[in-house]
>>> print(open('upload16.pdb').read())   # PDB, N, CA and C atoms
MODEL        1
ATOM      1  N   MET T   1    -112.759  72.374  -7.783  1.00  0.00           N
ATOM      2  CA  MET T   1    -112.943  71.411  -8.850  1.00  0.00           C
ATOM      3  C   MET T   1    -114.038  71.946  -9.782  1.00  0.00           C
ATOM      4  N   ASP T   2    -113.745  72.034 -11.046  1.00  0.00           N
ATOM      5  CA  ASP T   2    -114.738  72.557 -11.978  1.00  0.00           C
ATOM      6  C   ASP T   2    -115.658  71.446 -12.481  1.00  0.00           C
ATOM      7  N   ALA T   3    -116.648  71.834 -13.279  1.00  0.00           N
ATOM      8  CA  ALA T   3    -117.670  70.890 -13.736  1.00  0.00           C
ATOM      9  C   ALA T   3    -117.083  69.787 -14.603  1.00  0.00           C
ATOM     10  N   LYS T   4    -116.073  70.108 -15.401  1.00  0.00           N
ATOM     11  CA  LYS T   4    -115.471  69.107 -16.284  1.00  0.00           C
ATOM     12  C   LYS T   4    -114.777  68.013 -15.472  1.00  0.00           C
ATOM     13  N   ALA T   5    -114.108  68.413 -14.397  1.00  0.00           N
ATOM     14  CA  ALA T   5    -113.430  67.432 -13.543  1.00  0.00           C
ATOM     15  C   ALA T   5    -114.446  66.514 -12.871  1.00  0.00           C
ATOM     16  N   TRP T   6    -115.581  67.063 -12.439  1.00  0.00           N
ATOM     17  CA  TRP T   6    -116.621  66.243 -11.829  1.00  0.00           C
ATOM     18  C   TRP T   6    -117.179  65.233 -12.826  1.00  0.00           C
ATOM     19  N   LEU T   7    -117.377  65.672 -14.059  1.00  0.00           N
ATOM     20  CA  LEU T   7    -117.899  64.751 -15.075  1.00  0.00           C
ATOM     21  C   LEU T   7    -116.907  63.642 -15.378  1.00  0.00           C
ATOM     22  N   ILE T   8    -115.627  63.986 -15.400  1.00  0.00           N
ATOM     23  CA  ILE T   8    -114.605  62.961 -15.656  1.00  0.00           C
ATOM     24  C   ILE T   8    -114.564  61.965 -14.499  1.00  0.00           C
ATOM     25  N   LEU T   9    -114.626  62.477 -13.261  1.00  0.00           N
ATOM     26  CA  LEU T   9    -114.572  61.583 -12.097  1.00  0.00           C
ATOM     27  C   LEU T   9    -115.779  60.666 -12.039  1.00  0.00           C
ATOM     28  N   TRP T  10    -116.992  61.211 -12.126  1.00  0.00           N
ATOM     29  CA  TRP T  10    -118.188  60.408 -11.961  1.00  0.00           C
ATOM     30  C   TRP T  10    -118.564  59.636 -13.226  1.00  0.00           C
ATOM     31  N   GLY T  11    -117.990  60.008 -14.367  1.00  0.00           N
ATOM     32  CA  GLY T  11    -118.236  59.255 -15.599  1.00  0.00           C
ATOM     33  C   GLY T  11    -117.264  58.110 -15.776  1.00  0.00           C
ATOM     34  N   SER T  12    -116.221  58.070 -14.963  1.00  0.00           N
ATOM     35  CA  SER T  12    -115.231  57.003 -15.092  1.00  0.00           C
ATOM     36  C   SER T  12    -115.707  55.755 -14.369  1.00  0.00           C
ATOM     37  N   PRO T  13    -115.186  54.606 -14.718  1.00  0.00           N
ATOM     38  CA  PRO T  13    -115.568  53.371 -14.012  1.00  0.00           C
ATOM     39  C   PRO T  13    -115.271  53.425 -12.518  1.00  0.00           C
ATOM     40  N   VAL T  14    -114.187  54.096 -12.146  1.00  0.00           N
ATOM     41  CA  VAL T  14    -113.849  54.203 -10.723  1.00  0.00           C
ATOM     42  C   VAL T  14    -114.884  55.049  -9.993  1.00  0.00           C
ATOM     43  N   GLY T  15    -115.298  56.143 -10.586  1.00  0.00           N
ATOM     44  CA  GLY T  15    -116.305  56.999  -9.961  1.00  0.00           C
ATOM     45  C   GLY T  15    -117.635  56.279  -9.808  1.00  0.00           C
ATOM     46  N   ILE T  16    -118.006  55.537 -10.828  1.00  0.00           N
ATOM     47  CA  ILE T  16    -119.252  54.777 -10.768  1.00  0.00           C
ATOM     48  C   ILE T  16    -119.162  53.688  -9.700  1.00  0.00           C
ATOM     49  N   ALA T  17    -118.021  53.023  -9.608  1.00  0.00           N
ATOM     50  CA  ALA T  17    -117.828  51.983  -8.589  1.00  0.00           C
ATOM     51  C   ALA T  17    -117.907  52.576  -7.188  1.00  0.00           C
ATOM     52  N   VAL T  18    -117.307  53.757  -7.001  1.00  0.00           N
ATOM     53  CA  VAL T  18    -117.360  54.412  -5.690  1.00  0.00           C
ATOM     54  C   VAL T  18    -118.798  54.774  -5.345  1.00  0.00           C
ATOM     55  N   PHE T  19    -119.545  55.270  -6.316  1.00  0.00           N
ATOM     56  CA  PHE T  19    -120.941  55.630  -6.086  1.00  0.00           C
ATOM     57  C   PHE T  19    -121.751  54.416  -5.645  1.00  0.00           C
ATOM     58  N   PHE T  20    -121.623  53.305  -6.377  1.00  0.00           N
ATOM     59  CA  PHE T  20    -122.412  52.119  -6.035  1.00  0.00           C
ATOM     60  C   PHE T  20    -121.945  51.473  -4.732  1.00  0.00           C
ATOM     61  N   ALA T  21    -120.661  51.581  -4.431  1.00  0.00           N
ATOM     62  CA  ALA T  21    -120.180  51.067  -3.146  1.00  0.00           C
ATOM     63  C   ALA T  21    -120.781  51.878  -2.002  1.00  0.00           C
ATOM     64  N   GLY T  22    -120.818  53.182  -2.149  1.00  0.00           N
ATOM     65  CA  GLY T  22    -121.426  54.030  -1.125  1.00  0.00           C
ATOM     66  C   GLY T  22    -122.908  53.764  -0.981  1.00  0.00           C
ATOM     67  N   LEU T  23    -123.583  53.573  -2.099  1.00  0.00           N
ATOM     68  CA  LEU T  23    -125.008  53.255  -2.069  1.00  0.00           C
ATOM     69  C   LEU T  23    -125.254  51.918  -1.371  1.00  0.00           C
ATOM     70  N   GLY T  24    -124.401  50.953  -1.648  1.00  0.00           N
ATOM     71  CA  GLY T  24    -124.531  49.642  -0.999  1.00  0.00           C
ATOM     72  C   GLY T  24    -124.345  49.724   0.502  1.00  0.00           C
ATOM     73  N   VAL T  25    -123.357  50.505   0.937  1.00  0.00           N
ATOM     74  CA  VAL T  25    -123.129  50.670   2.374  1.00  0.00           C
ATOM     75  C   VAL T  25    -124.320  51.368   3.024  1.00  0.00           C
ATOM     76  N   LEU T  26    -124.867  52.364   2.358  1.00  0.00           N
ATOM     77  CA  LEU T  26    -126.039  53.061   2.886  1.00  0.00           C
ATOM     78  C   LEU T  26    -127.228  52.117   3.034  1.00  0.00           C
ATOM     79  N   LEU T  27    -127.505  51.329   2.018  1.00  0.00           N
ATOM     80  CA  LEU T  27    -128.628  50.385   2.073  1.00  0.00           C
ATOM     81  C   LEU T  27    -128.400  49.308   3.124  1.00  0.00           C
ATOM     82  N   TRP T  28    -127.166  48.852   3.267  1.00  0.00           N
ATOM     83  CA  TRP T  28    -126.843  47.860   4.295  1.00  0.00           C
ATOM     84  C   TRP T  28    -127.110  48.434   5.684  1.00  0.00           C
ATOM     85  N   GLY T  29    -126.715  49.687   5.903  1.00  0.00           N
ATOM     86  CA  GLY T  29    -126.933  50.328   7.192  1.00  0.00           C
ATOM     87  C   GLY T  29    -128.407  50.473   7.510  1.00  0.00           C
ATOM     88  N   VAL T  30    -129.202  50.844   6.511  1.00  0.00           N
ATOM     89  CA  VAL T  30    -130.643  50.974   6.711  1.00  0.00           C
ATOM     90  C   VAL T  30    -131.260  49.619   7.052  1.00  0.00           C
ATOM     91  N   SER T  31    -130.826  48.572   6.349  1.00  0.00           N
ATOM     92  CA  SER T  31    -131.387  47.241   6.631  1.00  0.00           C
ATOM     93  C   SER T  31    -130.997  46.773   8.033  1.00  0.00           C
ATOM     94  N   GLN T  32    -129.781  47.089   8.474  1.00  0.00           N
ATOM     95  CA  GLN T  32    -129.371  46.713   9.826  1.00  0.00           C
ATOM     96  C   GLN T  32    -130.193  47.457  10.868  1.00  0.00           C
ATOM     97  N   LEU T  33    -130.502  48.720  10.602  1.00  0.00           N
ATOM     98  CA  LEU T  33    -131.329  49.494  11.513  1.00  0.00           C
ATOM     99  C   LEU T  33    -132.724  48.884  11.616  1.00  0.00           C
ATOM    100  N   LYS T  34    -133.306  48.532  10.483  1.00  0.00           N
ATOM    101  CA  LYS T  34    -134.640  47.925  10.491  1.00  0.00           C
ATOM    102  C   LYS T  34    -134.610  46.578  11.202  1.00  0.00           C
ATOM    103  N   HIS T  35    -133.550  45.803  10.979  1.00  0.00           N
ATOM    104  CA  HIS T  35    -133.424  44.495  11.622  1.00  0.00           C
ATOM    105  C   HIS T  35    -133.362  44.656  13.146  1.00  0.00           C
ATOM    106  N   SER T  36    -132.617  45.642  13.615  1.00  0.00           N
ATOM    107  CA  SER T  36    -132.511  45.839  15.060  1.00  0.00           C
ATOM    108  C   SER T  36    -133.840  46.315  15.646  1.00  0.00           C
ATOM    109  N   GLU T  37    -134.601  47.128  14.893  1.00  0.00           N
ATOM    110  CA  GLU T  37    -135.905  47.564  15.374  1.00  0.00           C
ATOM    111  C   GLU T  37    -136.872  46.387  15.481  1.00  0.00           C
ATOM    112  N   VAL T  38    -136.827  45.489  14.511  1.00  0.00           N
ATOM    113  CA  VAL T  38    -137.703  44.313  14.544  1.00  0.00           C
ATOM    114  C   VAL T  38    -137.319  43.403  15.713  1.00  0.00           C
ATOM    115  N   ALA T  39    -136.027  43.208  15.921  1.00  0.00           N
ATOM    116  CA  ALA T  39    -135.578  42.363  17.027  1.00  0.00           C
ATOM    117  C   ALA T  39    -135.999  42.961  18.371  1.00  0.00           C
ATOM    118  N   LYS T  40    -135.916  44.279  18.489  1.00  0.00           N
ATOM    119  CA  LYS T  40    -136.322  44.936  19.727  1.00  0.00           C
ATOM    120  C   LYS T  40    -137.823  44.762  19.957  1.00  0.00           C
ATOM    121  N   ALA T  41    -138.614  44.905  18.909  1.00  0.00           N
ATOM    122  CA  ALA T  41    -140.065  44.740  19.036  1.00  0.00           C
ATOM    123  C   ALA T  41    -140.414  43.307  19.424  1.00  0.00           C
ATOM    124  N   GLU T  42    -139.715  42.324  18.853  1.00  0.00           N
ATOM    125  CA  GLU T  42    -139.966  40.925  19.208  1.00  0.00           C
ATOM    126  C   GLU T  42    -139.635  40.671  20.676  1.00  0.00           C
ATOM    127  N   LEU T  43    -138.544  41.236  21.156  1.00  0.00           N
ATOM    128  CA  LEU T  43    -138.152  41.062  22.555  1.00  0.00           C
ATOM    129  C   LEU T  43    -139.192  41.684  23.486  1.00  0.00           C
ATOM    130  N   GLU T  44    -139.669  42.881  23.141  1.00  0.00           N
ATOM    131  CA  GLU T  44    -140.695  43.522  23.968  1.00  0.00           C
ATOM    132  C   GLU T  44    -141.976  42.694  23.986  1.00  0.00           C
ATOM    133  N   LEU T  45    -142.345  42.119  22.849  1.00  0.00           N
ATOM    134  CA  LEU T  45    -143.544  41.287  22.791  1.00  0.00           C
ATOM    135  C   LEU T  45    -143.399  40.055  23.682  1.00  0.00           C
ATOM    136  N   LYS T  46    -142.243  39.409  23.627  1.00  0.00           N
ATOM    137  CA  LYS T  46    -142.014  38.229  24.469  1.00  0.00           C
ATOM    138  C   LYS T  46    -142.070  38.594  25.951  1.00  0.00           C
ATOM    139  N   GLU T  47    -141.495  39.752  26.307  1.00  0.00           N
ATOM    140  CA  GLU T  47    -141.535  40.181  27.708  1.00  0.00           C
ATOM    141  C   GLU T  47    -142.971  40.454  28.156  1.00  0.00           C
ATOM    142  N   ARG T  48    -143.758  41.078  27.293  1.00  0.00           N
ATOM    143  CA  ARG T  48    -145.157  41.333  27.638  1.00  0.00           C
ATOM    144  C   ARG T  48    -145.928  40.029  27.792  1.00  0.00           C
ATOM    145  N   GLN T  49    -145.644  39.056  26.916  1.00  0.00           N
ATOM    146  CA  GLN T  49    -146.324  37.765  27.019  1.00  0.00           C
ATOM    147  C   GLN T  49    -145.971  37.072  28.324  1.00  0.00           C
ATOM    148  N   ARG T  50    -144.694  37.093  28.706  1.00  0.00           N
ATOM    149  CA  ARG T  50    -144.285  36.475  29.972  1.00  0.00           C
ATOM    150  C   ARG T  50    -144.962  37.175  31.151  1.00  0.00           C
ATOM    151  N   HIS T  51    -144.989  38.499  31.107  1.00  0.00           N
ATOM    152  CA  HIS T  51    -145.628  39.257  32.184  1.00  0.00           C
ATOM    153  C   HIS T  51    -147.117  38.916  32.270  1.00  0.00           C
ATOM    154  N   TYR T  52    -147.773  38.838  31.135  1.00  0.00           N
ATOM    155  CA  TYR T  52    -149.204  38.498  31.100  1.00  0.00           C
ATOM    156  C   TYR T  52    -149.441  37.089  31.645  1.00  0.00           C
ATOM    157  N   GLU T  53    -148.577  36.126  31.239  1.00  0.00           N
ATOM    158  CA  GLU T  53    -148.727  34.750  31.716  1.00  0.00           C
ATOM    159  C   GLU T  53    -148.520  34.671  33.224  1.00  0.00           C
ATOM    160  N   ARG T  54    -147.554  35.429  33.750  1.00  0.00           N
ATOM    161  CA  ARG T  54    -147.331  35.441  35.191  1.00  0.00           C
ATOM    162  C   ARG T  54    -148.533  36.025  35.922  1.00  0.00           C
ATOM    163  N   ALA T  55    -149.078  37.109  35.358  1.00  0.00           N
ATOM    164  CA  ALA T  55    -150.240  37.739  35.985  1.00  0.00           C
ATOM    165  C   ALA T  55    -151.422  36.778  35.964  1.00  0.00           C
ATOM    166  N   GLN T  56    -151.617  36.054  34.894  1.00  0.00           N
ATOM    167  CA  GLN T  56    -152.715  35.087  34.817  1.00  0.00           C
ATOM    168  C   GLN T  56    -152.487  33.948  35.807  1.00  0.00           C
ATOM    169  N   GLY T  57    -151.242  33.527  35.949  1.00  0.00           N
ATOM    170  CA  GLY T  57    -150.921  32.467  36.909  1.00  0.00           C
ATOM    171  C   GLY T  57    -151.179  32.888  38.339  1.00  0.00           C
ATOM    172  N   LYS T  58    -150.880  34.132  38.682  1.00  0.00           N
ATOM    173  CA  LYS T  58    -151.115  34.620  40.044  1.00  0.00           C
ATOM    174  C   LYS T  58    -152.610  34.745  40.312  1.00  0.00           C
ATOM    175  N   GLU T  59    -153.374  35.145  39.315  1.00  0.00           N
ATOM    176  CA  GLU T  59    -154.818  35.271  39.507  1.00  0.00           C
ATOM    177  C   GLU T  59    -155.460  33.904  39.733  1.00  0.00           C
ATOM    178  N   SER T  60    -155.030  32.920  38.951  1.00  0.00           N
ATOM    179  CA  SER T  60    -155.634  31.592  39.085  1.00  0.00           C
ATOM    180  C   SER T  60    -155.143  30.894  40.358  1.00  0.00           C
ATOM    181  N   ALA T  61    -153.989  31.273  40.875  1.00  0.00           N
ATOM    182  CA  ALA T  61    -153.473  30.665  42.099  1.00  0.00           C
ATOM    183  C   ALA T  61    -153.774  31.550  43.299  1.00  0.00           C
ATOM    184  N   GLY T  62    -154.829  32.316  43.220  1.00  0.00           N
ATOM    185  CA  GLY T  62    -155.217  33.237  44.303  1.00  0.00           C
ATOM    186  C   GLY T  62    -155.567  32.481  45.584  1.00  0.00           C
ATOM    187  N   PRO T  63    -156.168  33.166  46.532  1.00  0.00           N
ATOM    188  CA  PRO T  63    -156.487  32.510  47.804  1.00  0.00           C
ATOM    189  C   PRO T  63    -157.510  31.399  47.614  1.00  0.00           C
ATOM    190  N   SER T  64    -157.194  30.269  48.159  1.00  0.00           N
ATOM    191  CA  SER T  64    -158.106  29.137  48.009  1.00  0.00           C
ATOM    192  C   SER T  64    -159.136  29.186  49.136  1.00  0.00           C
ATOM    193  N   THR T  65    -160.352  28.787  48.806  1.00  0.00           N
ATOM    194  CA  THR T  65    -161.452  28.796  49.785  1.00  0.00           C
ATOM    195  C   THR T  65    -161.919  27.371  50.056  1.00  0.00           C
ATOM    196  N   ASP T  66    -161.012  26.530  50.467  1.00  0.00           N
ATOM    197  CA  ASP T  66    -161.354  25.126  50.747  1.00  0.00           C
ATOM    198  C   ASP T  66    -162.039  24.981  52.051  1.00  0.00           C
TER
ENDMDL
END
>>> encode(input="upload16.pdb", output="structure tokens")
Amino acid sequence: MDAKAWLILWGSPVGIAVFFAGLGVLLWGVSQLKHSEVAKAELELKERQRHYERAQGKESAGPSTD
């Protein structure tokens, strides 16, 4: 494909639409990746909080000296 054919393809409304559709899909994929990373971090934080609360509960319920 020579340079003139590329200019005709990408200068046409169809070429521009294809470009923006591809850009939209790329941005959507990046946002989904970031969303999954945030969800994973939130889950890890909740697990750490539960683990910490359990550890605090075991310490406070240690051997009683009545």
>>> atom_distance(input="upload16.pdb", atom1="CA of Gly29 in chain T", atom2="CA of Trp6 in chain T")
26.9 Å
>>> atom_distance(input="upload16.pdb", atom1="CA of Arg48 in chain T", atom2="atom N of Val30 in chain T")
28.1 Å
>>> atom_distance(input="upload16.pdb", atom1="atom C of Gly24 in chain T", atom2="atom C of Leu43 in chain T")
28.5 Å
>>> decode(input="upload16.pdb", residues="range 36-64 of chain T", atoms="N, CA and C atoms", output="PDB file, in the first residue's frame")
ATOM      1  N   SER T  36      -9.897  -3.410  38.030  1.00  0.00           N
ATOM      2  CA  SER T  36      -9.622  -4.706  38.649  1.00  0.00           C
ATOM      3  C   SER T  36      -8.487  -4.595  39.666  1.00  0.00           C
ATOM      4  N   GLU T  37      -7.491  -3.732  39.401  1.00  0.00           N
ATOM      5  CA  GLU T  37      -6.413  -3.539  40.362  1.00  0.00           C
ATOM      6  C   GLU T  37      -6.932  -2.895  41.646  1.00  0.00           C
ATOM      7  N   VAL T  38      -7.833  -1.936  41.509  1.00  0.00           N
ATOM      8  CA  VAL T  38      -8.404  -1.278  42.690  1.00  0.00           C
ATOM      9  C   VAL T  38      -9.250  -2.272  43.489  1.00  0.00           C
ATOM     10  N   ALA T  39     -10.039  -3.078  42.798  1.00  0.00           N
ATOM     11  CA  ALA T  39     -10.868  -4.067  43.487  1.00  0.00           C
ATOM     12  C   ALA T  39      -9.997  -5.082  44.229  1.00  0.00           C
ATOM     13  N   LYS T  40      -8.892  -5.481  43.615  1.00  0.00           N
ATOM     14  CA  LYS T  40      -7.989  -6.428  44.261  1.00  0.00           C
ATOM     15  C   LYS T  40      -7.365  -5.805  45.509  1.00  0.00           C
ATOM     16  N   ALA T  41      -6.963  -4.549  45.420  1.00  0.00           N
ATOM     17  CA  ALA T  41      -6.368  -3.868  46.573  1.00  0.00           C
ATOM     18  C   ALA T  41      -7.383  -3.729  47.702  1.00  0.00           C
ATOM     19  N   GLU T  42      -8.639  -3.426  47.370  1.00  0.00           N
ATOM     20  CA  GLU T  42      -9.679  -3.317  48.396  1.00  0.00           C
ATOM     21  C   GLU T  42      -9.902  -4.660  49.086  1.00  0.00           C
ATOM     22  N   LEU T  43      -9.907  -5.737  48.325  1.00  0.00           N
ATOM     23  CA  LEU T  43     -10.099  -7.070  48.897  1.00  0.00           C
ATOM     24  C   LEU T  43      -8.943  -7.424  49.832  1.00  0.00           C
ATOM     25  N   GLU T  44      -7.714  -7.124  49.411  1.00  0.00           N
ATOM     26  CA  GLU T  44      -6.561  -7.403  50.271  1.00  0.00           C
ATOM     27  C   GLU T  44      -6.633  -6.590  51.560  1.00  0.00           C
ATOM     28  N   LEU T  45      -7.068  -5.340  51.467  1.00  0.00           N
ATOM     29  CA  LEU T  45      -7.192  -4.506  52.659  1.00  0.00           C
ATOM     30  C   LEU T  45      -8.227  -5.081  53.625  1.00  0.00           C
ATOM     31  N   LYS T  46      -9.364  -5.511  53.097  1.00  0.00           N
ATOM     32  CA  LYS T  46     -10.401  -6.100  53.953  1.00  0.00           C
ATOM     33  C   LYS T  46      -9.896  -7.374  54.627  1.00  0.00           C
ATOM     34  N   GLU T  47      -9.149  -8.195  53.876  1.00  0.00           N
ATOM     35  CA  GLU T  47      -8.606  -9.423  54.465  1.00  0.00           C
ATOM     36  C   GLU T  47      -7.607  -9.102  55.577  1.00  0.00           C
ATOM     37  N   ARG T  48      -6.772  -8.097  55.358  1.00  0.00           N
ATOM     38  CA  ARG T  48      -5.818  -7.706  56.397  1.00  0.00           C
ATOM     39  C   ARG T  48      -6.538  -7.179  57.630  1.00  0.00           C
ATOM     40  N   GLN T  49      -7.613  -6.408  57.414  1.00  0.00           N
ATOM     41  CA  GLN T  49      -8.373  -5.887  58.551  1.00  0.00           C
ATOM     42  C   GLN T  49      -9.002  -7.021  59.343  1.00  0.00           C
ATOM     43  N   ARG T  50      -9.578  -8.007  58.655  1.00  0.00           N
ATOM     44  CA  ARG T  50     -10.175  -9.151  59.352  1.00  0.00           C
ATOM     45  C   ARG T  50      -9.107  -9.916  60.134  1.00  0.00           C
ATOM     46  N   HIS T  51      -7.959 -10.125  59.505  1.00  0.00           N
ATOM     47  CA  HIS T  51      -6.871 -10.836  60.178  1.00  0.00           C
ATOM     48  C   HIS T  51      -6.412 -10.067  61.418  1.00  0.00           C
ATOM     49  N   TYR T  52      -6.277  -8.766  61.292  1.00  0.00           N
ATOM     50  CA  TYR T  52      -5.860  -7.926  62.426  1.00  0.00           C
ATOM     51  C   TYR T  52      -6.894  -7.981  63.551  1.00  0.00           C
ATOM     52  N   GLU T  53      -8.198  -7.904  63.185  1.00  0.00           N
ATOM     53  CA  GLU T  53      -9.254  -7.954  64.196  1.00  0.00           C
ATOM     54  C   GLU T  53      -9.260  -9.300  64.912  1.00  0.00           C
ATOM     55  N   ARG T  54      -9.032 -10.388  64.171  1.00  0.00           N
ATOM     56  CA  ARG T  54      -8.975 -11.704  64.795  1.00  0.00           C
ATOM     57  C   ARG T  54      -7.793 -11.801  65.752  1.00  0.00           C
ATOM     58  N   ALA T  55      -6.651 -11.261  65.312  1.00  0.00           N
ATOM     59  CA  ALA T  55      -5.462 -11.301  66.163  1.00  0.00           C
ATOM     60  C   ALA T  55      -5.701 -10.481  67.424  1.00  0.00           C
ATOM     61  N   GLN T  56      -6.344  -9.349  67.317  1.00  0.00           N
ATOM     62  CA  GLN T  56      -6.637  -8.524  68.494  1.00  0.00           C
ATOM     63  C   GLN T  56      -7.621  -9.244  69.411  1.00  0.00           C
ATOM     64  N   GLY T  57      -8.589  -9.927  68.823  1.00  0.00           N
ATOM     65  CA  GLY T  57      -9.555 -10.685  69.623  1.00  0.00           C
ATOM     66  C   GLY T  57      -8.907 -11.821  70.383  1.00  0.00           C
ATOM     67  N   LYS T  58      -7.950 -12.505  69.776  1.00  0.00           N
ATOM     68  CA  LYS T  58      -7.263 -13.612  70.450  1.00  0.00           C
ATOM     69  C   LYS T  58      -6.382 -13.081  71.575  1.00  0.00           C
ATOM     70  N   GLU T  59      -5.766 -11.933  71.374  1.00  0.00           N
ATOM     71  CA  GLU T  59      -4.917 -11.366  72.420  1.00  0.00           C
ATOM     72  C   GLU T  59      -5.748 -10.953  73.633  1.00  0.00           C
ATOM     73  N   SER T  60      -6.894 -10.334  73.372  1.00  0.00           N
ATOM     74  CA  SER T  60      -7.721  -9.872  74.490  1.00  0.00           C
ATOM     75  C   SER T  60      -8.426 -11.049  75.172  1.00  0.00           C
ATOM     76  N   ALA T  61      -8.619 -12.153  74.475  1.00  0.00           N
ATOM     77  CA  ALA T  61      -9.265 -13.320  75.069  1.00  0.00           C
ATOM     78  C   ALA T  61      -8.222 -14.335  75.515  1.00  0.00           C
ATOM     79  N   GLY T  62      -7.046 -13.870  75.843  1.00  0.00           N
ATOM     80  CA  GLY T  62      -5.943 -14.748  76.268  1.00  0.00           C
ATOM     81  C   GLY T  62      -6.277 -15.484  77.564  1.00  0.00           C
ATOM     82  N   PRO T  63      -5.285 -16.094  78.175  1.00  0.00           N
ATOM     83  CA  PRO T  63      -5.551 -16.857  79.398  1.00  0.00           C
ATOM     84  C   PRO T  63      -6.018 -15.950  80.528  1.00  0.00           C
ATOM     85  N   SER T  64      -7.087 -16.347  81.139  1.00  0.00           N
ATOM     86  CA  SER T  64      -7.623 -15.526  82.222  1.00  0.00           C
ATOM     87  C   SER T  64      -6.944 -15.937  83.528  1.00  0.00           C
TER      88      SER T  64
END
